[in-house]
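Undergrad: Contents are mmCIF, C-alpha atoms; file name run.cif:
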data_my_file
loop_
_atom_site.label_atom_id
_atom_site.label_comp_id
_atom_site.auth_asym_id
_atom_site.auth_seq_id
_atom_site.Cartn_x
_atom_site.Cartn_y
_atom_site.Cartn_z
CA MET A 1 17.97 1.05 1.94
CA ILE A 2 19.28 -1.15 -0.83
CA SER A 3 18.55 -0.26 -4.45
CA ILE A 4 17.61 -3.09 -6.76
CA SER A 5 17.44 -3.30 -10.55
CA SER A 6 14.87 -6.07 -11.07
CA TYR A 7 12.63 -8.59 -9.35
CA SER A 8 15.31 -11.29 -9.68
CA ASP A 9 17.82 -8.87 -8.10
CA PHE A 10 15.42 -8.43 -5.16
CA ILE A 11 14.98 -12.21 -4.78
CA GLU A 12 18.73 -12.73 -4.81
CA LYS A 13 19.52 -9.95 -2.31
CA SER A 14 16.66 -10.77 0.08
CA ALA A 15 17.31 -14.53 0.13
CA GLY A 16 17.49 -15.87 3.67
CA SER A 17 15.58 -12.97 5.23
CA ASP A 18 12.58 -13.92 7.34
CA LYS A 19 11.04 -10.52 6.62
CA SER A 20 11.93 -7.91 4.02
CA PHE A 21 10.40 -4.74 2.63
CA LEU A 22 10.46 -3.36 -0.90
CA LEU A 23 9.58 0.27 -1.58
CA LEU A 24 8.35 1.00 -5.08
CA TYR A 25 8.70 4.71 -5.77
CA LYS A 26 8.99 7.19 -8.61
CA SER A 27 11.84 9.69 -8.59
CA GLY A 28 10.67 13.28 -8.54
CA SER A 29 7.38 12.46 -6.78
CA GLU A 30 6.78 14.35 -3.52
CA GLN A 31 4.94 11.37 -1.98
CA SER A 32 7.87 9.10 -2.91
CA LYS A 33 10.35 11.54 -1.35
CA CYS A 34 8.21 11.52 1.79
CA ALA A 35 8.18 7.70 1.95
CA ILE A 36 11.95 7.46 1.41
CA HIS A 37 12.61 10.05 4.11
CA SER A 38 10.25 8.33 6.60
CA LEU A 39 11.75 4.89 5.92
CA ASN A 40 15.30 6.22 6.30
CA SER A 41 14.33 7.80 9.63
CA ALA A 42 12.62 4.62 10.80
CA GLY A 43 15.51 2.38 9.83
CA SER A 44 18.21 4.29 11.70
CA GLY A 45 18.04 2.09 14.83
CA GLU A 46 19.50 -1.32 15.58
CA ASN A 47 16.20 -3.20 15.18
CA THR A 48 16.08 -3.15 11.41
CA VAL A 49 15.27 -5.61 8.68
CA PRO A 50 16.26 -5.35 5.01
CA VAL A 51 14.54 -2.54 3.12
CA PHE A 52 14.94 -2.50 -0.64
CA MET A 53 13.89 0.18 -3.08
CA ALA A 54 13.11 0.27 -6.79
CA ASP A 55 12.29 3.27 -8.97
CA VAL A 56 9.39 2.22 -11.22
CA SER A 57 10.72 4.58 -13.90
CA HIS A 58 13.66 2.15 -14.35
CA VAL A 59 12.45 -1.15 -12.89
CA ASP A 60 9.29 -2.34 -14.62
CA ASP A 61 8.98 -6.03 -13.68
CA ILE A 62 7.86 -5.66 -10.05
CA HIS A 63 4.78 -3.44 -9.95
CA LEU A 64 3.10 -5.42 -12.74
CA ARG A 65 3.82 -8.73 -11.01
CA PHE A 66 2.04 -7.59 -7.82
CA GLY A 67 -0.64 -5.37 -9.39
CA ILE A 68 0.74 -2.14 -7.95
CA THR A 69 -0.91 0.84 -9.67
CA SER A 70 0.23 3.70 -7.43
CA VAL A 71 3.49 4.67 -5.80
CA PRO A 72 4.91 4.91 -3.30
CA SER A 73 3.94 1.42 -2.19
CA LEU A 74 5.80 -0.65 0.40
CA LEU A 75 5.60 -4.37 -0.30
CA VAL A 76 6.01 -6.69 2.68
CA PHE A 77 7.56 -10.14 2.22
CA GLY A 78 7.89 -13.01 4.68
CA ASN A 79 10.35 -15.79 3.80
CA GLY A 80 10.36 -14.55 0.21
CA GLU A 81 6.57 -14.70 -0.11
CA PHE A 82 4.51 -11.57 -0.77
CA GLU A 83 2.30 -10.73 2.25
CA ASN A 84 0.98 -7.17 2.04
CA THR A 85 1.10 -3.74 0.40
CA ILE A 86 1.18 -0.46 2.31
CA LYS A 87 0.28 2.38 -0.03
CA GLY A 88 1.31 6.01 0.21
CA CYS A 89 3.67 7.77 2.56
CA GLN A 90 3.40 6.86 6.24
CA ASP A 91 5.15 8.63 9.10
CA SER A 92 8.44 7.27 10.39
CA ASN A 93 6.86 5.93 13.62
CA TYR A 94 4.54 3.71 11.56
CA TYR A 95 7.46 2.29 9.56
CA LYS A 96 9.57 1.93 12.71
CA ALA A 97 6.85 -0.10 14.45
CA LEU A 98 6.52 -2.29 11.35
CA MET A 99 10.28 -2.95 11.25
CA GLU A 100 10.58 -3.53 15.00
CA SER A 101 7.76 -6.04 14.86
CA ALA A 102 9.54 -7.95 12.10
CA PHE A 103 12.84 -7.75 14.00
CA PHE A 104 11.35 -9.06 17.26
CA GLN A 105 9.63 -11.94 15.44
CA ALA A 106 12.91 -12.92 13.77
CA LYS A 107 14.79 -12.67 17.07
CA ALA A 108 12.24 -14.87 18.87
CA LYS A 109 12.43 -17.43 16.06
CA ALA A 110 16.26 -17.45 16.20
CA GLU A 111 16.11 -18.06 19.96
CA GLY A 112 13.71 -20.96 19.40
CA LYS A 113 10.79 -19.16 21.02
CA VAL A 114 7.26 -19.01 19.73
CA ALA A 115 5.96 -15.44 19.66
CA LYS A 116 3.05 -14.92 22.04
CA ARG A 117 -0.19 -13.26 20.93
CA VAL A 118 -0.31 -10.13 23.07
CA THR A 119 -3.06 -7.50 23.03
CA VAL A 120 -3.08 -4.44 25.27
CA TYR A 121 -6.46 -2.87 26.03
CA SER A 122 -6.01 0.76 26.96
CA THR A 123 -7.19 4.36 26.67
CA PRO A 124 -5.18 7.40 25.55
CA THR A 125 -5.39 9.10 28.97
CA CYS A 126 -4.25 6.09 31.02
CA SER A 127 -0.74 6.64 32.41
CA TRP A 128 -0.38 3.00 33.53
CA CYS A 129 -1.26 1.92 29.98
CA ASN A 130 1.66 3.96 28.65
CA THR A 131 3.95 2.51 31.34
CA LEU A 132 2.89 -1.01 30.40
CA LYS A 133 3.42 -0.43 26.65
CA SER A 134 6.86 1.08 27.30
CA TRP A 135 7.77 -1.93 29.44
CA LEU A 136 6.64 -4.33 26.69
CA ARG A 137 8.68 -2.46 24.06
CA LYS A 138 11.73 -2.43 26.37
CA ASN A 139 11.40 -6.20 26.70
CA HIS A 140 10.95 -6.61 22.92
CA VAL A 141 7.42 -7.95 23.17
CA GLN A 142 5.34 -7.47 20.05
CA PHE A 143 1.76 -6.46 20.84
CA SER A 144 -1.34 -5.07 19.27
CA GLU A 145 -3.35 -2.37 20.96
CA VAL A 146 -7.08 -1.79 21.32
CA ASP A 147 -8.27 1.65 22.43
CA ILE A 148 -11.47 0.74 24.30
CA SER A 149 -12.53 4.40 24.44
CA ARG A 150 -13.08 4.14 20.67
CA ASP A 151 -14.33 0.56 20.49
CA GLU A 152 -17.40 0.02 22.67
CA ARG A 153 -17.85 -3.58 21.56
CA ALA A 154 -14.26 -4.44 22.59
CA ALA A 155 -14.80 -2.70 25.94
CA GLN A 156 -17.97 -4.72 26.62
CA ASP A 157 -16.28 -7.96 25.57
CA LEU A 158 -13.33 -7.22 27.86
CA VAL A 159 -15.61 -6.63 30.87
CA ARG A 160 -17.47 -9.85 30.07
CA ARG A 161 -14.22 -11.86 29.92
CA SER A 162 -12.26 -10.30 32.81
CA GLY A 163 -15.02 -8.92 35.04
CA GLN A 164 -13.08 -5.64 35.21
CA GLN A 165 -13.63 -2.25 33.56
CA GLY A 166 -10.25 -0.69 34.35
CA VAL A 167 -7.28 -0.49 32.04
CA PRO A 168 -4.67 -1.52 31.23
CA GLN A 169 -5.57 -5.11 30.61
CA THR A 170 -3.25 -7.39 28.69
CA GLU A 171 -4.32 -10.54 26.91
CA ILE A 172 -1.53 -13.07 26.44
CA ASN A 173 -2.51 -16.14 24.42
CA GLY A 174 -6.08 -15.82 25.74
CA GLN A 175 -5.22 -15.14 29.39
CA ILE A 176 -6.08 -11.69 30.81
CA VAL A 177 -3.78 -9.75 33.16
CA VAL A 178 -5.50 -6.80 34.82
CA GLY A 179 -3.34 -3.73 35.52
CA PHE A 180 0.44 -3.54 35.28
CA ASN A 181 1.14 -6.74 37.21
CA GLN A 182 4.79 -7.04 36.23
CA SER A 183 5.46 -10.42 37.88
CA LYS A 184 2.43 -12.03 36.21
CA LEU A 185 3.40 -10.49 32.84
CA GLN A 186 6.97 -11.78 33.22
CA GLU A 187 5.67 -15.25 34.02
CA LEU A 188 3.28 -15.42 31.06
CA LEU A 189 5.75 -13.84 28.62
CA GLU A 190 8.66 -15.95 29.93
CA ILE A 191 10.79 -12.88 30.64
CA GLN A 192 13.69 -13.41 33.07
#
Could you express the structure from this file as structure tokens?
TA:
Amino acid sequence: MISISSYSDFIEKSAGSDKSFLLLYKSGSEQSKCAIHSLNSAGSGENTVPVFMADVSHVDDIHLRFGITSVPSLLVFGNGEFENTIKGCQDSNYYKALMESAFFQAKAKAEGKVAKRVTVYSTPTCSWCNTLKSWLRKNHVQFSEVDISRDERAAQDLVRRSGQQGVPQTEINGQIVVGFNQSKLQELLEIQ
């Protein structure tokens, strides 16, 4: 994580980044310590994006600019533009998924590819669902997940659209793939 001293310092150091994160924290706060620890753990891999940090006890021109009233707060920026705020301390897996998503989007853009909209419909007890999600992660495919055991409306909609009740089902830019059909997934995701 990179410490910054002001908003202009952040703009200068994050210039050219497709995605960057800025943690506003307060030294001595247990929640802030938790967020710093989780972010450090999440950012230890190769799929990282710039993460900046500013102690609001010393840097006072950022939280006012974005209306931040509680810390820790992680501000998300895309191409220098403010996108979102994630308040409080999250676990390292949450931050890691957030960073990997940003990394994969940047990688796809650099390779001239347009990121596909991928949604995996699954249940927690489905072993093939876990296999599918692991395969997608291994192939650096960003996806969102819908647990149909908790979302009855999504489950009904899925049956209406695919004619199938089983999981996993993967929606790629509106097209449904039932099961872990690796060849069909490779074709639709343009994976060699």
Undergrad: Near Ser41 (chain A), within 10 Å and counting only C-alpha atoms, which residues show up once chain neighbours fewer than 4 positions away are dropped, as a compact mmCIF listing (two decimals) with C-alpha atoms, in the frame of the given file?
TA:
# COMPACT_ATOMS: atom_id res chain seq x y z
CA ALA A 35 8.18 7.70 1.95
CA ILE A 36 11.95 7.46 1.41
CA HIS A 37 12.61 10.05 4.11
CA GLY A 45 18.04 2.09 14.83
CA ASP A 91 5.15 8.63 9.10
CA SER A 92 8.44 7.27 10.39
CA ASN A 93 6.86 5.93 13.62
CA TYR A 95 7.46 2.29 9.56
CA LYS A 96 9.57 1.93 12.71
Undergrad: Taking the file above as input, evaluate the PyMOL selection byres ((chain A and resi 119) around 10) and report the hits as a VMD selection string.
TA: chain A and resid 116 to 118 120 to 122 142 to 146 169 to 174 176
Undergrad: With C-alpha atoms kept, could you save the residues just selected as a PDB file, in the frame of the given file?
TA:
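Generated output (again-v6.pdb):
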ATOM      1  CA  LYS A 116       3.050 -14.920  22.040  1.00  0.00           C
ATOM      2  CA  ARG A 117      -0.190 -13.260  20.930  1.00  0.00           C
ATOM      3  CA  VAL A 118      -0.310 -10.130  23.070  1.00  0.00           C
ATOM      4  CA  VAL A 120      -3.080  -4.440  25.270  1.00  0.00           C
ATOM      5  CA  TYR A 121      -6.460  -2.870  26.030  1.00  0.00           C
ATOM      6  CA  SER A 122      -6.010   0.760  26.960  1.00  0.00           C
ATOM      7  CA  GLN A 142       5.340  -7.470  20.050  1.00  0.00           C
ATOM      8  CA  PHE A 143       1.760  -6.460  20.840  1.00  0.00           C
ATOM      9  CA  SER A 144      -1.340  -5.070  19.270  1.00  0.00           C
ATOM     10  CA  GLU A 145      -3.350  -2.370  20.960  1.00  0.00           C
ATOM     11  CA  VAL A 146      -7.080  -1.790  21.320  1.00  0.00           C
ATOM     12  CA  GLN A 169      -5.570  -5.110  30.610  1.00  0.00           C
ATOM     13  CA  THR A 170      -3.250  -7.390  28.690  1.00  0.00           C
ATOM     14  CA  GLU A 171      -4.320 -10.540  26.910  1.00  0.00           C
ATOM     15  CA  ILE A 172      -1.530 -13.070  26.440  1.00  0.00           C
ATOM     16  CA  ASN A 173      -2.510 -16.140  24.420  1.00  0.00           C
ATOM     17  CA  GLY A 174      -6.080 -15.820  25.740  1.00  0.00           C
ATOM     18  CA  ILE A 176      -6.080 -11.690  30.810  1.00  0.00           C
TER      19      ILE A 176
END
Undergrad: Rank A:Cys34, A:Val141, A:Leu158, A:Val76 by their smallest atom-to-atom distance to Ala115 (chain A), using all atoms listed in the file, and report the top residue only.
TA: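 Nearest to Ala115 (chain A): A:Val141.
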Undergrad: Which polymer residues have any atom within 12 Å of an atom of region 160-166 of chain A, counting all atoms listed in the file, with same-chain residues fewer than 6 positions away left out, as an mmCIF file with C-alpha atoms, keeping the file's coordinate frame?
TA:
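Output contents, as saved in result-v5.cif:
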data_model
loop_
_atom_site.group_PDB
_atom_site.id
_atom_site.type_symbol
_atom_site.label_atom_id
_atom_site.label_comp_id
_atom_site.auth_asym_id
_atom_site.auth_seq_id
_atom_site.Cartn_x
_atom_site.Cartn_y
_atom_site.Cartn_z
ATOM 1 C CA TYR A 121 -6.460 -2.870 26.030
ATOM 2 C CA SER A 122 -6.010 0.760 26.960
ATOM 3 C CA THR A 123 -7.190 4.360 26.670
ATOM 4 C CA CYS A 126 -4.250 6.090 31.020
ATOM 5 C CA TRP A 128 -0.380 3.000 33.530
ATOM 6 C CA CYS A 129 -1.260 1.920 29.980
ATOM 7 C CA ILE A 148 -11.470 0.740 24.300
ATOM 8 C CA SER A 149 -12.530 4.400 24.440
ATOM 9 C CA GLU A 152 -17.400 0.020 22.670
ATOM 10 C CA ARG A 153 -17.850 -3.580 21.560
ATOM 11 C CA ALA A 154 -14.260 -4.440 22.590
ATOM 12 C CA GLY A 174 -6.080 -15.820 25.740
ATOM 13 C CA GLN A 175 -5.220 -15.140 29.390
ATOM 14 C CA ILE A 176 -6.080 -11.690 30.810
ATOM 15 C CA VAL A 177 -3.780 -9.750 33.160
ATOM 16 C CA VAL A 178 -5.500 -6.800 34.820
ATOM 17 C CA GLY A 179 -3.340 -3.730 35.520
ATOM 18 C CA PHE A 180 0.440 -3.540 35.280
#
Undergrad: For Gly78 (chain A), find every residue with an atom within 9 Å (counting only C-alpha atoms), except residues of its own chain fewer than 5 positions away, and show them as a ChimeraX atom specification.
TA: /A:17-21,83
Undergrad: How far is it from CA of His63 (chain A) to CA of Lys13 (chain A), in Å with one decimal?
TA: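 The value is 17.8 Å.
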Undergrad: What's the 12 Å shell around region 65-75 of chain A, counting only C-alpha atoms, without same-chain residues fewer than 2 positions away, as a ChimeraX atom specification?
TA: /A:6-8,10,19-39,50-57,59-63,77-78,80-90,95,98-99
Undergrad: Quick one: distance from CA of Ala42 (chain A) to CA of Asp147 (chain A) in Å, one decimal?
TA: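 A separation of 24.1 Å between them.
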Undergrad: If I take CA of Pro124 (chain A) and CA of Asp151 (chain A), how far is one from the other in Å, to one decimal?
TA: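 So the answer is 12.5 Å.
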Undergrad: I need the residue nearest Gln182 (chain A) from this list: A:Asn139, A:Thr125, A:Ser3, A:Ser14. Use only C-alpha atoms for the distance.
TA: A:Asn139
